[in-house]
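Peer 1: This one is run.tsv, TSV, C-alpha atoms and all ligand atoms.
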chain	number	residue	atom	x	y	z
A	406	MET	CA	-3.82	14.37	-14.90
A	407	TYR	CA	-3.15	10.71	-14.26
A	408	ILE	CA	-3.67	9.41	-10.72
A	409	LYS	CA	-2.83	5.77	-10.03
A	410	ARG	CA	-0.83	3.72	-7.60
A	411	GLY	CA	2.30	2.41	-9.30
A	412	ILE	CA	1.89	4.71	-12.31
A	413	ILE	CA	5.57	5.63	-12.05
A	414	LYS	CA	6.39	2.17	-13.41
A	415	GLU	CA	4.66	3.19	-16.65
A	416	LEU	CA	6.29	6.62	-16.89
A	417	GLY	CA	8.53	5.61	-19.81
A	418	LYS	CA	5.66	4.23	-21.87
A	419	SER	CA	3.43	7.18	-21.02
A	420	LEU	CA	6.08	9.68	-22.08
A	421	ARG	CA	6.52	7.83	-25.36
A	422	ARG	CA	2.84	8.45	-26.11
A	423	LEU	CA	3.17	12.14	-25.27
A	424	SER	CA	6.41	13.05	-26.91
A	425	SER	CA	8.95	12.13	-29.55
A	426	ALA	CA	11.77	13.18	-27.22
A	427	LYS	CA	15.13	11.42	-27.31
A	428	ARG	CA	16.38	12.89	-24.06
A	429	VAL	CA	14.79	13.53	-20.71
A	430	ALA	CA	16.24	15.87	-18.09
A	431	ILE	CA	14.95	15.06	-14.61
A	432	ILE	CA	14.92	17.96	-12.18
A	433	THR	CA	14.60	16.66	-8.62
A	434	ASP	CA	16.02	17.12	-5.13
A	435	LYS	CA	18.70	15.06	-3.42
A	436	ASN	CA	16.29	13.24	-1.09
A	437	LEU	CA	14.16	12.03	-3.96
A	438	SER	CA	17.09	11.24	-6.16
A	439	ARG	CA	18.47	9.04	-3.37
A	440	ILE	CA	15.17	7.20	-2.79
A	441	TYR	CA	13.70	7.05	-6.31
A	442	GLY	CA	16.47	8.08	-8.72
A	443	ALA	CA	17.53	4.59	-9.78
A	444	GLN	CA	13.94	3.39	-10.27
A	445	VAL	CA	12.96	6.39	-12.39
A	446	LEU	CA	16.09	6.20	-14.52
A	447	ASN	CA	15.53	2.52	-15.07
A	448	VAL	CA	11.94	3.06	-16.23
A	449	LEU	CA	12.97	5.83	-18.64
A	450	ASN	CA	16.06	4.08	-19.98
A	451	SER	CA	14.04	0.91	-20.62
A	452	ALA	CA	11.71	2.98	-22.78
A	453	GLY	CA	14.72	4.13	-24.78
A	454	PHE	CA	15.23	7.65	-23.39
A	455	GLU	CA	18.65	9.13	-22.69
A	456	THR	CA	18.52	10.63	-19.23
A	457	ASP	CA	20.21	13.22	-17.05
A	458	VAL	CA	19.46	13.96	-13.42
A	459	ILE	CA	19.74	17.48	-12.01
A	460	ALA	CA	19.35	17.24	-8.22
A	461	ILE	CA	19.05	20.36	-6.07
A	462	GLU	CA	19.38	20.61	-2.29
A	463	PRO	CA	16.03	19.78	-0.64
A	464	GLY	CA	13.88	22.51	0.89
A	465	GLU	CA	12.45	25.98	0.28
A	466	LYS	CA	15.89	27.57	0.64
A	467	SER	CA	16.65	26.15	-2.81
A	468	LYS	CA	13.87	28.12	-4.54
A	469	THR	CA	16.36	30.83	-5.53
A	470	LEU	CA	17.78	32.44	-8.65
A	471	ALA	CA	21.15	30.90	-7.75
A	472	THR	CA	19.72	27.36	-7.80
A	473	LEU	CA	17.85	28.19	-10.98
A	474	ALA	CA	21.17	29.16	-12.58
A	475	ASP	CA	22.63	25.79	-11.51
A	476	VAL	CA	19.64	24.03	-13.05
A	477	PHE	CA	20.07	25.92	-16.33
A	478	GLU	CA	23.70	24.89	-16.35
A	479	GLY	CA	22.66	21.26	-15.86
A	480	LEU	CA	20.15	21.58	-18.69
A	481	VAL	CA	22.81	22.98	-21.04
A	482	LYS	CA	25.14	20.10	-20.13
A	483	SER	CA	22.38	17.58	-20.80
A	484	ARG	CA	22.16	18.88	-24.40
A	485	ILE	CA	18.38	18.63	-24.44
A	486	THR	CA	16.56	20.44	-27.24
A	487	ARG	CA	13.03	21.76	-27.50
A	488	ARG	CA	11.96	18.44	-28.96
A	489	ASP	CA	13.03	16.74	-25.72
A	490	ILE	CA	11.29	16.90	-22.36
A	491	ILE	CA	11.89	17.91	-18.76
A	492	ILE	CA	10.48	16.03	-15.75
A	493	ALA	CA	10.01	17.83	-12.43
A	494	LEU	CA	10.11	14.98	-9.89
A	495	GLY	CA	9.53	16.13	-6.31
A	496	GLY	CA	7.54	18.23	-3.90
A	497	GLY	CA	6.35	21.79	-4.25
A	498	VAL	CA	9.85	23.26	-4.39
A	499	VAL	CA	10.96	21.10	-7.31
A	500	GLY	CA	7.61	21.64	-9.03
A	501	ASP	CA	7.82	25.42	-8.77
A	502	LEU	CA	11.49	25.75	-9.63
A	503	GLY	CA	11.56	22.97	-12.22
A	504	GLY	CA	8.41	24.32	-13.87
A	505	PHE	CA	9.86	27.81	-14.00
A	506	ALA	CA	13.12	26.48	-15.46
A	507	ALA	CA	11.08	24.65	-18.13
A	508	SER	CA	9.07	27.81	-18.87
A	509	SER	CA	12.16	29.77	-19.78
A	510	PHE	CA	14.89	27.35	-20.89
A	511	LEU	CA	15.24	27.64	-24.70
A	512	ARG	CA	12.20	29.98	-24.52
A	513	GLY	CA	10.05	27.21	-23.10
A	514	MET	CA	10.42	23.43	-23.01
A	515	PRO	CA	7.68	20.82	-22.73
A	516	TYR	CA	7.66	19.33	-19.27
A	517	VAL	CA	5.73	16.97	-17.02
A	518	GLN	CA	5.12	17.16	-13.31
A	519	VAL	CA	5.62	14.09	-11.13
A	520	PRO	CA	4.62	15.39	-7.68
A	521	THR	CA	5.85	13.27	-4.78
A	522	SER	CA	4.65	15.06	-1.63
A	523	LEU	CA	0.99	15.05	-0.60
A	524	ILE	CA	0.69	18.83	-0.84
A	525	ALA	CA	2.11	18.77	-4.36
A	526	GLN	CA	-0.18	15.86	-5.35
A	527	VAL	CA	-3.38	17.49	-4.09
A	528	ASP	CA	-2.62	21.13	-4.78
A	529	SER	CA	0.53	22.70	-6.13
A	530	SER	CA	1.23	20.44	-9.14
A	531	ILE	CA	-1.71	21.83	-11.12
A	532	GLY	CA	-2.72	25.39	-11.81
A	533	GLY	CA	0.31	26.43	-13.82
A	534	LYS	CA	1.91	28.73	-11.28
A	535	VAL	CA	5.69	28.32	-11.33
A	536	ALA	CA	8.19	30.57	-9.59
A	537	VAL	CA	11.28	31.13	-7.49
A	538	ASP	CA	11.68	33.35	-4.42
A	539	LEU	CA	13.71	36.54	-4.07
A	540	PRO	CA	15.33	37.67	-0.80
A	541	GLN	CA	12.50	40.27	-0.70
A	542	GLY	CA	9.68	37.72	-0.82
A	543	LYS	CA	8.26	34.40	-1.94
A	544	ASN	CA	7.38	33.59	-5.55
A	545	LEU	CA	8.33	37.06	-6.80
A	546	VAL	CA	9.75	35.82	-10.12
A	547	GLY	CA	7.66	33.35	-12.05
A	548	SER	CA	5.07	32.71	-14.72
A	549	PHE	CA	1.98	30.72	-15.63
A	550	TYR	CA	3.17	27.63	-17.49
A	551	HIS	CA	1.29	24.35	-17.71
A	552	PRO	CA	2.90	20.91	-17.94
A	553	GLU	CA	2.04	18.49	-20.75
A	554	ALA	CA	0.82	16.07	-18.10
A	555	VAL	CA	0.84	15.42	-14.37
A	556	PHE	CA	1.57	11.87	-13.20
A	557	ILE	CA	0.49	11.26	-9.62
A	558	ASP	CA	1.62	8.07	-7.92
A	559	PRO	CA	0.32	7.78	-4.34
A	560	ASP	CA	2.94	5.08	-3.68
A	561	PHE	CA	5.44	7.95	-3.28
A	562	LEU	CA	3.64	8.89	-0.07
A	563	ASP	CA	4.96	5.75	1.68
A	564	THR	CA	8.29	7.49	2.27
A	565	LEU	CA	6.92	10.90	3.24
A	566	ASP	CA	7.39	11.83	6.91
A	567	ALA	CA	4.41	12.48	9.18
A	568	ARG	CA	4.77	16.25	9.30
A	569	GLU	CA	4.92	16.49	5.51
A	570	PHE	CA	1.84	14.26	5.29
A	571	SER	CA	-0.05	16.59	7.64
A	572	ASN	CA	1.14	19.54	5.57
A	573	GLY	CA	-0.76	18.10	2.60
A	574	MET	CA	-3.79	17.10	4.70
A	575	ALA	CA	-4.38	20.77	5.54
A	576	GLU	CA	-5.08	21.45	1.86
A	577	VAL	CA	-7.26	18.33	1.59
A	578	ILE	CA	-9.32	19.58	4.53
A	579	LYS	CA	-9.49	22.99	2.84
A	580	TYR	CA	-11.02	21.44	-0.29
A	581	GLY	CA	-13.61	19.66	1.83
A	582	CYS	CA	-14.45	22.91	3.61
A	583	ILE	CA	-14.91	25.11	0.56
A	584	LYS	CA	-16.60	22.73	-1.85
A	585	ASP	CA	-17.08	19.10	-0.82
A	586	ARG	CA	-19.01	18.27	2.34
A	587	GLN	CA	-18.86	14.55	1.59
A	588	LEU	CA	-15.06	14.67	1.43
A	589	PHE	CA	-15.02	16.45	4.78
A	590	GLU	CA	-17.32	13.79	6.30
A	591	GLU	CA	-15.05	11.06	4.99
A	592	LEU	CA	-12.00	12.72	6.52
A	593	THR	CA	-13.84	12.85	9.83
A	594	GLY	CA	-14.71	9.14	9.70
A	595	PHE	CA	-11.62	7.53	8.18
A	596	ASP	CA	-8.88	5.84	10.14
A	597	LYS	CA	-5.33	5.97	8.75
A	598	ASN	CA	-5.77	2.78	6.73
A	599	GLU	CA	-9.04	3.90	5.19
A	600	LEU	CA	-7.48	7.22	4.34
A	601	LEU	CA	-4.64	5.54	2.48
A	602	ASN	CA	-6.96	3.06	0.80
A	603	ASN	CA	-9.00	5.96	-0.54
A	604	ILE	CA	-6.16	8.31	-1.32
A	605	GLU	CA	-6.56	8.12	-5.12
A	606	THR	CA	-10.16	9.29	-4.87
A	607	ILE	CA	-9.23	11.98	-2.37
A	608	ILE	CA	-6.48	13.34	-4.63
A	609	PHE	CA	-8.90	13.25	-7.56
A	610	LYS	CA	-11.53	15.20	-5.63
A	611	CYS	CA	-9.07	17.89	-4.55
A	612	LEU	CA	-7.61	18.34	-8.02
A	613	SER	CA	-11.06	18.43	-9.63
A	614	ILE	CA	-12.09	21.27	-7.33
A	615	LYS	CA	-8.87	23.13	-7.97
A	616	LYS	CA	-9.18	22.57	-11.72
A	617	LYS	CA	-12.66	24.05	-11.75
A	618	PHE	CA	-11.59	27.24	-10.00
A	619	VAL	CA	-8.40	27.56	-12.04
A	620	GLU	CA	-10.25	27.15	-15.35
A	621	GLU	CA	-12.65	29.90	-14.33
A	622	ASP	CA	-9.74	32.18	-13.50
A	623	GLU	CA	-6.45	31.13	-15.02
A	624	THR	CA	-4.48	34.25	-14.18
A	625	ASP	CA	-5.70	34.69	-10.64
A	626	GLN	CA	-8.05	37.65	-10.93
A	627	GLY	CA	-11.06	36.45	-8.91
A	628	ALA	CA	-12.56	32.95	-8.69
A	629	ARG	CA	-9.26	31.40	-7.63
A	630	MET	CA	-9.62	33.42	-4.45
A	631	MET	CA	-11.80	30.62	-3.03
A	632	LEU	CA	-8.70	28.41	-2.91
A	633	ASN	CA	-7.29	30.89	-0.41
A	634	PHE	CA	-9.49	29.73	2.45
A	635	GLY	CA	-7.28	29.86	5.54
A	636	HIS	CA	-4.46	31.41	3.55
A	637	THR	CA	-4.91	35.11	4.37
A	638	LEU	CA	-3.98	34.51	8.00
A	639	GLY	CA	-1.89	31.45	7.11
A	640	HIS	CA	0.47	33.48	4.92
A	641	ALA	CA	0.79	36.09	7.68
A	642	ILE	CA	1.75	33.39	10.21
A	643	GLU	CA	4.33	31.85	7.88
A	644	LYS	CA	5.81	35.24	7.11
A	645	TYR	CA	5.85	36.41	10.74
A	646	TYR	CA	8.00	33.40	11.66
A	647	HIS	CA	10.18	33.77	8.54
A	648	TYR	CA	8.87	30.51	7.06
A	649	ALA	CA	10.74	28.56	9.74
A	650	LYS	CA	8.34	27.69	12.56
A	651	TYR	CA	5.16	26.66	10.74
A	652	SER	CA	4.84	24.56	7.62
A	653	HIS	CA	2.48	26.00	5.00
A	654	GLY	CA	-0.22	23.48	5.93
A	655	GLU	CA	0.13	24.16	9.66
A	656	ALA	CA	-0.24	27.91	9.12
A	657	VAL	CA	-3.25	27.39	6.84
A	658	ALA	CA	-4.82	25.08	9.45
A	659	VAL	CA	-4.64	27.83	12.07
A	660	GLY	CA	-5.94	30.31	9.50
A	661	MET	CA	-8.96	28.15	8.59
A	662	TYR	CA	-9.95	27.58	12.20
A	663	ARG	CA	-9.51	31.17	13.40
A	664	VAL	CA	-11.51	32.83	10.63
A	665	THR	CA	-14.25	30.20	10.90
A	666	LYS	CA	-14.52	30.54	14.68
A	667	ASN	CA	-14.82	34.32	14.36
A	668	SER	CA	-17.30	34.28	11.48
A	669	GLU	CA	-19.38	31.73	13.39
A	670	ASP	CA	-19.43	34.05	16.42
A	671	MET	CA	-20.61	36.85	14.09
A	672	GLY	CA	-23.48	34.68	12.81
A	673	LEU	CA	-22.03	34.34	9.29
A	674	THR	CA	-21.29	30.61	9.56
A	675	GLU	CA	-23.50	27.70	10.62
A	676	PRO	CA	-23.05	27.00	14.36
A	677	GLY	CA	-20.81	24.00	15.11
A	678	THR	CA	-18.69	24.41	11.97
A	679	SER	CA	-15.53	25.56	13.77
A	680	GLN	CA	-15.83	22.72	16.30
A	681	ARG	CA	-15.97	20.15	13.50
A	682	LEU	CA	-13.04	21.79	11.77
A	683	LYS	CA	-11.02	21.78	14.98
A	684	GLU	CA	-11.64	18.06	15.43
A	685	VAL	CA	-10.57	17.14	11.93
A	686	LEU	CA	-7.44	19.33	12.08
A	687	SER	CA	-6.37	17.72	15.37
A	688	LYS	CA	-7.03	14.29	13.96
A	689	TYR	CA	-4.55	14.88	11.14
A	690	GLY	CA	-1.83	16.28	13.37
A	691	LEU	CA	-2.47	19.94	12.59
A	692	PRO	CA	-2.60	22.92	14.96
A	693	TYR	CA	-5.61	25.23	15.16
A	694	GLU	CA	-4.81	27.76	17.92
A	695	MET	CA	-3.12	31.08	17.15
A	696	PRO	CA	0.31	31.32	18.78
A	697	ALA	CA	-0.30	32.96	22.15
A	698	GLY	CA	1.37	36.32	22.67
A	699	ASN	CA	2.07	37.17	19.01
A	700	ALA	CA	-1.47	37.06	17.63
A	701	ALA	CA	-1.99	40.84	17.36
A	702	GLU	CA	1.34	41.35	15.57
A	703	ILE	CA	0.61	38.48	13.19
A	704	VAL	CA	-2.77	39.93	12.27
A	705	GLU	CA	-1.08	43.28	11.53
A	706	VAL	CA	0.95	41.48	8.87
A	707	ILE	CA	-2.26	40.95	6.86
A	708	ALA	CA	-2.91	44.67	6.38
A	709	MET	CA	0.76	45.29	5.55
A	710	ASP	CA	0.77	42.74	2.71
A	711	LYS	CA	1.46	44.57	-0.57
A	712	LYS	CA	-1.10	42.38	-2.33
A	713	ASN	CA	-3.81	43.87	-0.12
A	714	LYS	CA	-3.93	47.30	-1.72
A	715	GLY	CA	-6.85	49.67	-1.19
A	716	ASP	CA	-9.27	50.04	1.70
A	717	SER	CA	-10.80	46.57	1.55
A	718	ILE	CA	-9.74	42.94	1.08
A	719	ASP	CA	-11.50	39.80	-0.14
A	720	ILE	CA	-11.52	36.94	2.35
A	721	VAL	CA	-12.98	33.42	2.22
A	722	LEU	CA	-15.53	32.27	4.78
A	723	LEU	CA	-17.76	29.20	5.10
A	724	ASN	CA	-21.54	29.31	5.05
A	725	SER	CA	-21.21	25.75	6.32
A	726	ILE	CA	-18.91	22.79	5.72
A	727	GLY	CA	-18.57	22.31	1.95
A	728	ASP	CA	-19.87	25.75	1.08
A	729	GLY	CA	-17.33	28.57	0.96
A	730	PHE	CA	-17.99	32.16	-0.10
A	731	ILE	CA	-15.97	35.29	-0.74
A	732	LYS	CA	-16.58	38.35	1.38
A	733	ASN	CA	-15.16	41.81	0.87
A	734	ILE	CA	-14.31	43.40	4.18
A	735	ASN	CA	-13.02	46.80	5.14
A	736	LYS	CA	-9.40	46.80	6.30
A	737	ASP	CA	-10.36	48.01	9.77
A	738	GLU	CA	-12.46	44.83	10.16
A	739	ILE	CA	-9.35	42.62	9.80
A	740	PRO	CA	-8.93	42.13	13.59
A	741	ARG	CA	-12.61	41.18	13.99
A	742	PHE	CA	-12.17	38.33	11.50
A	743	PHE	CA	-8.66	37.18	12.30
A	744	LEU	CA	-7.79	37.99	15.90
B	801	LIG	P1	6.43	20.78	-0.37
B	801	LIG	O1	6.16	20.54	1.09
B	801	LIG	O2	5.82	22.03	-0.88
B	801	LIG	O3	6.16	19.61	-1.22
B	801	LIG	P2	9.32	20.34	-0.77
B	801	LIG	O4	9.43	20.19	-2.22
B	801	LIG	O5	10.42	21.10	-0.09
B	801	LIG	O6	7.99	21.11	-0.39
B	801	LIG	O7	9.18	18.92	-0.09
B	801	LIG	C1	9.26	18.80	1.30
B	801	LIG	C2	10.30	17.78	1.73
B	801	LIG	O8	9.77	16.47	1.53
B	801	LIG	C3	11.61	17.84	0.94
B	801	LIG	O9	12.67	17.62	1.85
B	801	LIG	C4	11.50	16.67	-0.03
B	801	LIG	O10	12.76	16.14	-0.37
B	801	LIG	C5	10.69	15.68	0.78
B	801	LIG	N1	9.89	14.76	-0.04
B	801	LIG	C6	9.01	15.08	-1.02
B	801	LIG	N2	8.39	14.00	-1.48
B	801	LIG	C7	8.89	12.94	-0.78
B	801	LIG	C8	8.65	11.54	-0.77
B	801	LIG	N3	7.74	10.99	-1.58
B	801	LIG	N4	9.37	10.77	0.09
B	801	LIG	C9	10.27	11.32	0.93
B	801	LIG	N5	10.53	12.62	0.99
B	801	LIG	C10	9.85	13.43	0.14
B	802	ZN	ZN	-1.84	26.43	0.17
So, in terms of structure tokens, how does the structure I just supplied come out?
Ligand code: ADP
Ligand code: ZN
Peer 2:
Amino acid sequence: MYIKRGIIKELGKSLRRLSSAKRVAIITDKNLSRIYGAQVLNVLNSAGFETDVIAIEPGEKSKTLATLADVFEGLVKSRITRRDIIIALGGGVVGDLGGFAASSFLRGMPYVQVPTSLIAQVDSSIGGKVAVDLPQGKNLVGSFYHPEAVFIDPDFLDTLDAREFSNGMAEVIKYGCIKDRQLFEELTGFDKNELLNNIETIIFKCLSIKKKFVEEDETDQGARMMLNFGHTLGHAIEKYYHYAKYSHGEAVAVGMYRVTKNSEDMGLTEPGTSQRLKEVLSKYGLPYEMPAGNAAEIVEVIAMDKKNKGDSIDIVLLNSIGDGFIKNINKDEIPRFFL
């Protein structure tokens, strides 16, 4: 994991150290190819690589088998071999789809992640989960496949729109909540400039926390659960609105606040925690209230989730800011915690 402003300018040299590749296939989306395509090609060509760009349509609707087939076709045309390398340059969609393409093309190609959105830089670019969606659900076809390296250049964030920035901030706040009180305090105190001036450290803190949980639990059997703070309800909200109304971060923000407010009222969380969380979410342009009117139906989605088999589910609560814990609750307690 390399985190540094301007690191993209060294991408060619860095790849040379990692790989004896002749060719590089860059999987990206059309937004990023328009903004950064020429710069990235220039850096790679100057380091002597032959390059091809495979640009998909931007957005989650591209995380399909059909787009994957197009990407494979592009990879065949590029004539890359297993001694060459793939770059996934983009947000979470490109990272997931590009990583999955790399995991299966020619039975597995070396690849590097260059995450460009905040959520990809602080969260989704590490951990090795790569996938595409099926019409029946998200991430239903995928694998665990790690990149050779992750190059994180915070300068990419300059062109990210405000809603996408907030989307990533929800995960940053999550990391503060579950494991890093000092990070949470900083987020509370920073103004926008201070936030950006400290973004390298913030990204490093988030990825270090994620790395620790992932290394304990690479295939998602237990310890990784802590990373799901806010996500049990968050996923239900996203799903209820067919992934159209709420961004992932917005849904997780509501999920973090609601479960913390309820657990605080039950005496399981230090008093004042939900108030502090609410303030920090608002500050970074995130919602915290459940959508009025649909709350009961949304909470029913949690129990219906196929992942939640059996009579009980594990959920993540906070003892206090910076100190998350996992609690197993009976399914009939779901409304008490989430409604
Ligand atoms: P995620 O939010 O999980 O990263 P996407 O990969 O769909 O999901 O990225 C969200 C949107 O932000 C896409 O339209 C993508 O093209 C755009 N995007 C990603 N990174 C940047 C960036 N650095 N500058 C401008 N737009 C970006
Ligand atoms: Zn998430």
Peer 1: Enter the distance from CA of Val706 (chain A) to CA of Asp737 (chain A), in Å, rounded to one decimal.
Peer 2: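 A separation of 13.1 Å between them.
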Peer 1: At most 7 Å is the cut-off: for each residue in region 546-636 of chain A with any atom that close to an atom of region 716-729 of chain A, write down the nearest atom pair and the distance in Å rounded to one decimal, counting only C-alpha atoms, chain first then increasing number, as JSON lines.
Peer 2:
{"residue": "A:Gly581", "atom": "CA", "partner": "A:Gly727", "partner_atom": "CA", "distance": 5.6}
{"residue": "A:Cys582", "atom": "CA", "partner": "A:Gly727", "partner_atom": "CA", "distance": 4.5}
{"residue": "A:Ile583", "atom": "CA", "partner": "A:Gly729", "partner_atom": "CA", "distance": 4.2}
{"residue": "A:Lys584", "atom": "CA", "partner": "A:Gly727", "partner_atom": "CA", "distance": 4.3}
{"residue": "A:Asp585", "atom": "CA", "partner": "A:Gly727", "partner_atom": "CA", "distance": 4.5}
{"residue": "A:Arg586", "atom": "CA", "partner": "A:Gly727", "partner_atom": "CA", "distance": 4.1}
{"residue": "A:Met631", "atom": "CA", "partner": "A:Val721", "partner_atom": "CA", "distance": 6.1}
{"residue": "A:Asn633", "atom": "CA", "partner": "A:Val721", "partner_atom": "CA", "distance": 6.8}
{"residue": "A:Phe634", "atom": "CA", "partner": "A:Val721", "partner_atom": "CA", "distance": 5.1}
Peer 1: Would you put the residues from that selection into a file with C-alpha atoms, as a PDB file, keeping the file's coordinate frame?
Peer 2:
ATOM      1  CA  GLY A 581     -13.610  19.660   1.830  1.00  0.00           C
ATOM      2  CA  CYS A 582     -14.450  22.910   3.610  1.00  0.00           C
ATOM      3  CA  ILE A 583     -14.910  25.110   0.560  1.00  0.00           C
ATOM      4  CA  LYS A 584     -16.600  22.730  -1.850  1.00  0.00           C
ATOM      5  CA  ASP A 585     -17.080  19.100  -0.820  1.00  0.00           C
ATOM      6  CA  ARG A 586     -19.010  18.270   2.340  1.00  0.00           C
ATOM      7  CA  MET A 631     -11.800  30.620  -3.030  1.00  0.00           C
ATOM      8  CA  ASN A 633      -7.290  30.890  -0.410  1.00  0.00           C
ATOM      9  CA  PHE A 634      -9.490  29.730   2.450  1.00  0.00           C
TER      10      PHE A 634
END
Peer 1: Mind running chain A against ligand ZN 802 (chain B) at 10 Å and telling me each contacting residue's nearest atom pair with the distance in Å (one decimal), counting all atoms listed in the file, chain and number ascending, as JSON lines?
Peer 2:
{"residue": "A:Ile524", "atom": "CA", "partner": "B:ZN802", "partner_atom": "ZN", "distance": 8.1}
{"residue": "A:Ala525", "atom": "CA", "partner": "B:ZN802", "partner_atom": "ZN", "distance": 9.7}
{"residue": "A:Asp528", "atom": "CA", "partner": "B:ZN802", "partner_atom": "ZN", "distance": 7.3}
{"residue": "A:Ser529", "atom": "CA", "partner": "B:ZN802", "partner_atom": "ZN", "distance": 7.7}
{"residue": "A:Asn572", "atom": "CA", "partner": "B:ZN802", "partner_atom": "ZN", "distance": 9.2}
{"residue": "A:Gly573", "atom": "CA", "partner": "B:ZN802", "partner_atom": "ZN", "distance": 8.7}
{"residue": "A:Ala575", "atom": "CA", "partner": "B:ZN802", "partner_atom": "ZN", "distance": 8.2}
{"residue": "A:Glu576", "atom": "CA", "partner": "B:ZN802", "partner_atom": "ZN", "distance": 6.2}
{"residue": "A:Val577", "atom": "CA", "partner": "B:ZN802", "partner_atom": "ZN", "distance": 9.8}
{"residue": "A:Lys579", "atom": "CA", "partner": "B:ZN802", "partner_atom": "ZN", "distance": 8.8}
{"residue": "A:Leu632", "atom": "CA", "partner": "B:ZN802", "partner_atom": "ZN", "distance": 7.8}
{"residue": "A:Asn633", "atom": "CA", "partner": "B:ZN802", "partner_atom": "ZN", "distance": 7.1}
{"residue": "A:Phe634", "atom": "CA", "partner": "B:ZN802", "partner_atom": "ZN", "distance": 8.6}
{"residue": "A:Gly635", "atom": "CA", "partner": "B:ZN802", "partner_atom": "ZN", "distance": 8.4}
{"residue": "A:His636", "atom": "CA", "partner": "B:ZN802", "partner_atom": "ZN", "distance": 6.6}
{"residue": "A:Gly639", "atom": "CA", "partner": "B:ZN802", "partner_atom": "ZN", "distance": 8.6}
{"residue": "A:His640", "atom": "CA", "partner": "B:ZN802", "partner_atom": "ZN", "distance": 8.8}
{"residue": "A:His653", "atom": "CA", "partner": "B:ZN802", "partner_atom": "ZN", "distance": 6.5}
{"residue": "A:Gly654", "atom": "CA", "partner": "B:ZN802", "partner_atom": "ZN", "distance": 6.7}
{"residue": "A:Glu655", "atom": "CA", "partner": "B:ZN802", "partner_atom": "ZN", "distance": 10.0}
{"residue": "A:Ala656", "atom": "CA", "partner": "B:ZN802", "partner_atom": "ZN", "distance": 9.2}
{"residue": "A:Val657", "atom": "CA", "partner": "B:ZN802", "partner_atom": "ZN", "distance": 6.9}
{"residue": "A:Ala658", "atom": "CA", "partner": "B:ZN802", "partner_atom": "ZN", "distance": 9.8}
Peer 1: As a PyMOL selection string, please: every protein or nucleic acid residue near ligand LIG 801 (chain B) (cut-off 7 Å, counting only C-alpha atoms and all ligand atoms).
Peer 2: chain A and resi 434-437+463-465+495-499+521-525+561-566+569+572
Peer 1: Which of these residues is nearest to Ile608 (chain A), using all atoms listed in the file: A:Tyr651, A:Phe454, A:Tyr407, A:Tyr646?
Peer 2: A:Tyr407
Peer 1: So that I can see what lies close to region 553-560 of chain A, please list as a list in words the residues with an atom at most 6 Å from it, counting all atoms listed in the file and leaving out residues fewer than 6 positions away in the same chain.
Peer 2: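 Once the nearby chain positions are removed, what remains is Met406, Tyr407, Ile408, Lys409, Arg410, Gly411, Ile412, Tyr516, Val517, Gln518 and Val519 of chain A.
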Peer 1: Within 12 Å of Ser438 (chain A), counting only C-alpha atoms, which residues show up once you throw out same-chain ones fewer than 2 positions away? Write them as a list of chain:residue names, please.
Peer 2: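 Near neighbours after the sequence-gap exclusion: A:Ile431, A:Ile432, A:Thr433, A:Asp434, A:Lys435, A:Asn436, A:Ile440, A:Tyr441, A:Gly442, A:Ala443, A:Gln444, A:Val445, A:Leu446, A:Asp457, A:Val458, A:Ile459, A:Ala460, A:Ile461, A:Glu462, A:Pro463, A:Ala493, A:Leu494, A:Gly495, A:Val499, A:Thr521.
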Peer 1: For a cut-off of 9 Å around (10.6, 27.1, -15.0), file coordinates, pick out all residues using all atoms listed in the file and list them as a ChimeraX atom specification.
Peer 2: /A:473,500-510,513-514,535-537,547-548,550
Peer 1: Would you compute the distance between CA of Pro520 (chain A) and CA of Pro552 (chain A)? Give it in Å to one decimal.
Peer 2: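 A separation of 11.8 Å between them.
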Peer 1: What gap, in Å, lies between CA of Arg663 (chain A) and CA of Lys650 (chain A)?
Peer 2: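 CA of Arg663 (chain A) sits 18.2 Å away from CA of Lys650 (chain A).
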Peer 1: Which residue, A:Ala452, A:Leu638, A:Val546, A:Met661, has the smallest gap to Pro692 (chain A) when you use only C-alpha atoms?
Peer 2: A:Met661
Peer 1: Kindly indicate which residue among A:Lys732, A:His551, A:Lys617, A:Arg428 lies nearest to Arg488 (chain A), using all atoms listed in the file for the distances.
Peer 2: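 The shortest atom-to-atom distance to Arg488 (chain A) comes from A:Arg428.
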Peer 1: Hey, which bits of region 678-704 of chain A sit within 10 Å of region 666-673 of chain A, and for each residue what's the closest pair of atoms and how far apart in Å (one decimal), counting only C-alpha atoms, rows by chain and increasing number, as a tab-separated table?
Peer 2:
residue	atom	partner	partner_atom	distance
A:Thr678	CA	A:Glu669	CA	7.5
A:Ser679	CA	A:Lys666	CA	5.2
A:Gln680	CA	A:Lys666	CA	8.1
A:Leu682	CA	A:Lys666	CA	9.3
A:Lys683	CA	A:Lys666	CA	9.4
Peer 1: Could you tell me which of A:Thr469, A:Ile578, A:Leu423, A:Lys543 comes closest to Ser687 (chain A) if we count only C-alpha atoms?
Peer 2: A:Ile578
Peer 1: Counting all atoms listed in the file, which residue out of A:Glu415, A:Ala430, A:Gly660, A:Ile604 sits closest to Gly479 (chain A)?
Peer 2: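 Among the listed residues, A:Ala430 lies closest to Gly479 (chain A).
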Peer 1: Which residue, A:Leu686, A:Val476, A:Ile490, A:Ile485, has the smallest gap to Met574 (chain A) when you use only C-alpha atoms?
Peer 2: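 Ranking A:Leu686, A:Val476, A:Ile490, A:Ile485 by distance to Met574 (chain A), first place goes to A:Leu686.
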Peer 1: Please put the answer as lines of an AutoDock Vina configuration file: centre and edge lengths, in Å with one decimal, of a box along x, y and z that encloses all listed atoms of region 427-437 of chain A plus 6 Å on each side.
Peer 2:
center_x = 16.4
center_y = 14.7
center_z = -14.2
size_x = 16.5
size_y = 18.5
size_z = 38.2
